[in-house]
Structure formats: C-alpha cells, structure tokens
Amino acid sequence: MPELTGVPVSPGWAAGPAYRLTEPPPLPAPRPVTDPEAELARAAAALRAVADDLMRRSEASSDRAAAEILVAQAMIVRDPVLEDSVAAEVKAGRDAAHAITAVLAAYRAGFESSGGYLAERVADLDDLRDRAVAVCTGVAMPGVPAPGVPFVLFARDLAPADTVGLDLTRVLAVVTEEGGPTSHTAILARSLGLPAVVRCPGIRDVADGTLVRVDGAVGAVSVGVDEQTVAATGAQEQARRSALAAPAGPGRTADGHPVALLANIGSARDLADPGVPVAEGVGLFRTELLYLDRTVAPSLEEQIATYAEVFRVAAGRRVVVRTLDAGADKPLPFLAQGREPNPALGVRGLRLSHRDPSMLDAQLTAIAKAAAGMDADVWVMAPMVATVDEASRFVDRCRAAGLARAGVMVEIPAAALRADALLGVVDFLSIGTNDLSQYTFAADRECGELAALLDPWQPALLDLIGACGAAGAAAGKPVGLCGEAGADPLLAPVLVGLGVTSLSMSARALPAVRAALATRTVAECRTLAAAARAAGDPAAARAAVVNG
Ligand code: PEP
Ligand code: MG
C-alpha cells in the first residue's frame, strides 16, 4: 500500500474515496480578431461574470475569512487597471481569452518574483484565468467534483473559490500537490476544521475512486486502504471531535501537571473570539496592529486606551504584552527604517530601541498606566533579543516604568543557547518558534518552498526549545511558547516534556491542544520529547511520537 507524505497543515483523520478537482479548461487556439470592439465587450463580460460569481459565493459563505478572500479576488478582476491592460492586448490583436491570459500571466510573474506571501498567492491568479477562459469558451467553470458520496478531495492546489464551495458534509479532507503552510488551502482548511495535507507529491497518479486514508497531523496519505480502515478511521475522527467538544478547563497533563493554555491576540477585537474567554489568559498580545497604517506613532492616550481595553476583558487572568516588533515581515510605514539589504537580519524588534529608546519608553509607560487599577496580571516581553545585555537593559526600562514582570522572547538561536544566563536577569522566557525556526535554519518564514526546514518538528529546533526548558526548570522560572508550533496537538506533549510551562496559540487551536495534553502524564511527555529529539528528521520525530 503506497504511503505518500506531504506537509501537515490541519489535523484530523479522514478516509474514503479520493476524487480530483475538475481540471480547468485548456486555452483554445488563438482566433483572429475581426471586430476589436465586440472582442473587448466579450472580455469585459467574462471578467464581470467571474467577479459576480466570486461575489455571489462570498455572500453565500458563512466563513468570514473565506468570504474576505473571495472579495479580494473579485477586486483583482474588477480593477480598471486590469481591464485597461486587457483592452490594450485586444487592440494588439489578441482574442478575449488570450488577452486575459496574457495580462494575468504578467501579474503572476510579478507575484512570483516578489517571493514569500505573494508567491503563494499565484494560485489565486491562475484560478481567475481559468474561470475567465471557461466563460470565454462557454464551458463550466472548474471546481469541486460531486461524486454523490463523502470523499477526499485531491487537487494541484485549491483556489479560494473552490474552498468556499466545499460542502463539509461531503468533503472529508483535502490533499494538494502544491501550496505551503500559509497558502489559502492551509488557512481555509484550518478555519473549516478540515484535515489537510499540502505539498504531497504522487497524488496525481491516484485514480478517482481509490480508497485513501489521510492523517492531517503528520501529513501522511495511505493509498489503497480497505473498507475496515475507512470505518476505523471514521470512528477515530469522531472520537477526536467529541474530545474537542468536551468542556474547557485549565490545561493539565493526565496526572494533573498544569500547563497554562493561553491565546495569541493582535488587538482588542480578537478578544471577541469565542475561544478567548475560555483561555487562561493572553500569552502573546502582538501590539504592532496599533501602529500599522500610521504616519505618526499613536499617542500615549490612545495606547493606554487600547491596552486598558484588553486588560479589562482579561480581568483576573494573565496578559503577556509584547512590545513593538517592527521590521522585516512587519514593516511599519511611519518608522521610515530605510532600505536594509536584509531586513530580517536588520534593525528590527527591540533593536529599534537602541537607536531611539523614546518609543519603547512611551509604550512601557502606556502599558503600566493601563495596568494600574486593573485586575489583569500584566507581563511584558521584548521581541528579537539576542544577548543578556539587551535583556538586562529591557528589564531596567520595564522596572523604571513600574512594570513588575519583564521577560524576553527567544527567537534567535543565541538566546536559546544562553537561556540560563537570560533567566538570570529576566522573570520569564517565551519561545517564538516562528522566528526561532527562521533563524535556526536560515529559511525565510514566508517562503513556502522552505516549509520542510520550517517544520516545528525539526529535531534541531526541539534541541533549542529543550535548552530553554532545562534552563527554566533550573531557575524555577516560567518558559512559555507562543509560536505556531504551540498549536500542534501532537507536538504539545513533546513541548511539555522539553520543559515548556505554558502554550499560547490562536484561540481556535486551544481545544485540540487541551485534549491532547490530557492524554499524557508528564513522565510520558518527557519520554516522547526524548524520542523526538533522538530522531533524525521531522518525519521520524512525528513517527516516534505517534508510535510512542
Ligand atoms: C514568533 O516569532 O514565533 C512569534 C510568536 O512572533 P511573530 O510571529 O509575531 O514574529
Ligand atoms: Mg517573532
């Protein structure tokens, strides 16, 4: 029975017949254009039809994130600049289908050369092209098949329009050949709670109707399974979902060892997420949102009001506020940081305060003022800390502002290697695995092509987390984790075994992590952690835990 492997992006098990997404229509041979005005009208009508269809799907969608993506896609085809470019192509003698294809190909090249996030969006442009070509040639738009039974959807990649049209009573899981952890397929599958695996080569050779089993937590696709496996997998997934629906409570291992489960938020608005009130607090309050789209820094009063709103809602609970983490993947226009040859390695995060401490001091003052008289347990931490000296200076500034709990994020390998020395000057550490992976593996966190290096199961990353956990245990100080790795239910017991004392994640991921922790004792967590660290690569580390 062939076993295919891809990148796991949304946990859960599913089994059933696999069916491939209806392929887009081929581009017909070019037609001579005899009436450019009529051809132009035909192209405009095709673009309009595609936009209208996307808007209809967006309005029919109950998933806000998905609906917003569809609107963004419709905006691309409604853009007058695009229409002008298509008109120029028609005037140059191309028929409607070829004119639209040529313009979107130019957009695609631009997205691809930008790399990172935009490069992962090229599937959206290809989808727009295929839809427009289908309208121009009078065939149905490409989309999800309807075999009449629940099925596993295979595709090269999914466009937002495909995922929005998914009937969740029919589609059991999604497996794609392309895409990355930040592609729409991944984002939407997670938001729909659908098991998903991306970048899984080999699915092209699987015939429609073949029975397959998908493990979205480890990225495995077994091809040619039998009916018993299908039934057992269905029962397994049902049990997992029931565990997730169990009432919330504090995070604990099976033997009652507490592991605080906290939420990551970016603004007071995120507090409205139904998962946040059941979290034990906020483990990462990203404050950049307050500064985005600004030409001048927010005033002290505005900052105080924003932080106070969060502290009010989180009364009686912990809130870990991260000071401004500007630069690299979080550029802030008003800072005018200037062009840096390599922004991820440049003056970002806490480093900006070495140039000019006034903005950090204002932020710390605002946090302290907002916390005064509130019932929230306010902790403050700095991003992008490399040395003990930086940490010590940050703690001094926090104390001067009247903040009692000051810590730093561990996002740079140097900090992890010296975690014990850092804990000599700070009250706590919080491991940011998104950046720690990026800097440990010299792999841009936004580059889907490097997803395998950014896998949180990389044993070298686990070693660094283990170094922090051991230092925390020796110092008797908390070591939390707030990167995306914290949201992986299979990894959670391993992280606890490595000495992590709290896990912070998007609120949606909390139930699965809570359920996973409750199945293991601390001693088991330590055994699993040792097994994962002893593995040679992420797949072997996962296998060691699945079989452990
Ligand atoms: C991290 O780097 O893991 C982290 C939590 O911070 P951010 O993703 O905001 O950089
Ligand atoms: Mg970070």
# chains A, B, ... in the order shown; residues from 1 in each chain; ligands from 1

call {"tool": "residues_around", "arguments": {"residues": "segment 172-175 of chain A", "least_positions_apart": "4", "cutoff": "6 Å", "atoms": "only C-alpha atoms", "output": "ChimeraX atom specification"}}
result
/A:14,151-154,194-198

call {"tool": "residues_around", "arguments": {"residues": "segment 495-499 of chain A", "least_positions_apart": "5", "cutoff": "6 Å", "atoms": "only C-alpha atoms", "output": "list in words"}}
result
Gly466, Gly469, Cys525, Arg526 and Ala529 of chain A

call {"tool": "residues_near_ligand", "arguments": {"ligand": "ligand 1", "cutoff": "7 Å", "atoms": "only C-alpha atoms and all ligand atoms", "output": "list in words"}}
result
Arg286, Glu411, Ile431, Gly432, Thr433, Asn434, Asp435, Leu436, Cys482, Gly483 and Glu484 of chain A

call {"tool": "select_by_dssp", "arguments": {"residues": "segment 273-430 of chain A", "states": "helix (DSSP H, G or I)", "output": "ChimeraX atom specification"}}
result
/A:287-290,300-313,333-335,343-345,349-355,358-371,388-401,413-417,419-423

call {"tool": "closest_atom_pairs", "arguments": {"of": "chain A", "to": "ligand 2", "cutoff": "12 Å", "atoms": "only C-alpha atoms and all ligand atoms", "output": "Markdown table"}}
result
| residue | atom | partner | partner_atom_place_in_ligand_line | distance |
| --- | --- | --- | --- | --- |
| A:Leu284 | CA | ligand 2 | 1 (Mg) | 10.4 |
| A:Phe285 | CA | ligand 2 | 1 (Mg) | 11.8 |
| A:Arg286 | CA | ligand 2 | 1 (Mg) | 9.5 |
| A:Glu288 | CA | ligand 2 | 1 (Mg) | 11.5 |
| A:Arg322 | CA | ligand 2 | 1 (Mg) | 9.9 |
| A:Thr323 | CA | ligand 2 | 1 (Mg) | 11.3 |
| A:Leu324 | CA | ligand 2 | 1 (Mg) | 10.7 |
| A:Asp325 | CA | ligand 2 | 1 (Mg) | 7.5 |
| A:Ala326 | CA | ligand 2 | 1 (Mg) | 9.9 |
| A:Gly327 | CA | ligand 2 | 1 (Mg) | 10.4 |
| A:Ala328 | CA | ligand 2 | 1 (Mg) | 10.1 |
| A:Asp329 | CA | ligand 2 | 1 (Mg) | 9.1 |
| A:Lys330 | CA | ligand 2 | 1 (Mg) | 9.5 |
| A:Ala344 | CA | ligand 2 | 1 (Mg) | 10.4 |
| A:Arg348 | CA | ligand 2 | 1 (Mg) | 10.3 |
| A:Gly349 | CA | ligand 2 | 1 (Mg) | 8.6 |
| A:Leu350 | CA | ligand 2 | 1 (Mg) | 11.2 |
| A:Met381 | CA | ligand 2 | 1 (Mg) | 11.7 |
| A:Ala382 | CA | ligand 2 | 1 (Mg) | 10.0 |
| A:Pro383 | CA | ligand 2 | 1 (Mg) | 6.5 |
| A:Met384 | CA | ligand 2 | 1 (Mg) | 7.0 |
| A:Val385 | CA | ligand 2 | 1 (Mg) | 10.3 |
| A:Val408 | CA | ligand 2 | 1 (Mg) | 11.2 |
| A:Met409 | CA | ligand 2 | 1 (Mg) | 7.9 |
| A:Val410 | CA | ligand 2 | 1 (Mg) | 8.6 |
| A:Glu411 | CA | ligand 2 | 1 (Mg) | 6.2 |
| A:Ile412 | CA | ligand 2 | 1 (Mg) | 9.3 |
| A:Ser430 | CA | ligand 2 | 1 (Mg) | 10.3 |
| A:Ile431 | CA | ligand 2 | 1 (Mg) | 8.9 |
| A:Gly432 | CA | ligand 2 | 1 (Mg) | 5.4 |
| A:Thr433 | CA | ligand 2 | 1 (Mg) | 7.4 |
| A:Asn434 | CA | ligand 2 | 1 (Mg) | 5.9 |
| A:Asp435 | CA | ligand 2 | 1 (Mg) | 4.7 |
| A:Leu436 | CA | ligand 2 | 1 (Mg) | 7.6 |
| A:Ser437 | CA | ligand 2 | 1 (Mg) | 9.8 |
| A:Gln438 | CA | ligand 2 | 1 (Mg) | 9.3 |
| A:Tyr439 | CA | ligand 2 | 1 (Mg) | 10.3 |
| A:Arg445 | CA | ligand 2 | 1 (Mg) | 9.9 |
| A:Leu481 | CA | ligand 2 | 1 (Mg) | 11.2 |
| A:Cys482 | CA | ligand 2 | 1 (Mg) | 9.0 |
| A:Gly483 | CA | ligand 2 | 1 (Mg) | 7.5 |
| A:Glu484 | CA | ligand 2 | 1 (Mg) | 10.2 |

call {"tool": "atom_distance", "arguments": {"atom1": "atom CA of Leu82 of chain A", "atom2": "atom CA of Val144 of chain A"}}
result
27.4 Å

call {"tool": "residues_around", "arguments": {"residues": "segment 301-310 of chain A", "least_positions_apart": "3", "cutoff": "6 Å", "atoms": "only C-alpha atoms", "output": "list in words"}}
result
Ala268, Val313, Ala366 and Ala370 of chain A

call {"tool": "write_last_selection", "arguments": {"atoms": "C-alpha atoms", "output": "PDB file, in the first residue's frame"}}
result
ATOM      1  CA  ALA A 268      -8.869  44.029  21.484  1.00  0.00           C
ATOM      2  CA  VAL A 313     -11.648  41.999  29.273  1.00  0.00           C
ATOM      3  CA  ALA A 366       1.293  53.315  28.464  1.00  0.00           C
ATOM      4  CA  ALA A 370      -3.272  50.995  31.598  1.00  0.00           C
TER       5      ALA A 370
END

call {"tool": "closest_residue", "arguments": {"among": "A:Gly338, A:Gly93, A:Gly424, A:Gly193", "to": "Ala475 of chain A", "atoms": "only C-alpha atoms"}}
result
A:Gly424

call {"tool": "residues_around", "arguments": {"residues": "Arg131 of chain A", "least_positions_apart": "4", "cutoff": "9 Å", "atoms": "only C-alpha atoms", "output": "list in words"}}
result
Pro24, Pro25, Ala46, Leu47, Val50, Asp126, Asp127, Val135, Cys136, Ala140, Met141 and Pro142 of chain A

call {"tool": "residues_around", "arguments": {"residues": "Thr253 of chain A", "least_positions_apart": "3", "cutoff": "8 Å", "atoms": "only C-alpha atoms", "output": "number ranges by chain"}}
result
A: 256-259, 517-522

call {"tool": "closest_residue", "arguments": {"among": "A:Val206, A:Leu490, A:Val7, A:Ala515", "to": "Val545 of chain A", "atoms": "only C-alpha atoms"}}
result
A:Leu490

call {"tool": "closest_residue", "arguments": {"among": "A:Arg20, A:Arg241, A:Arg129, A:Lys91", "to": "Leu158 of chain A", "atoms": "only C-alpha atoms"}}
result
A:Arg20

call {"tool": "closest_residue", "arguments": {"among": "A:Arg199, A:Pro493, A:Pro478, A:Ala507", "to": "Thr527 of chain A", "atoms": "only C-alpha atoms"}}
result
A:Pro493

call {"tool": "closest_residue", "arguments": {"among": "A:Leu128, A:Val500, A:Glu23, A:Val90", "to": "Ala49 of chain A", "atoms": "only C-alpha atoms"}}
result
A:Leu128

call {"tool": "closest_residue", "arguments": {"among": "A:Ala43, A:Leu364, A:Ala254, A:Ala371", "to": "Cys398 of chain A", "atoms": "only C-alpha atoms"}}
result
A:Leu364
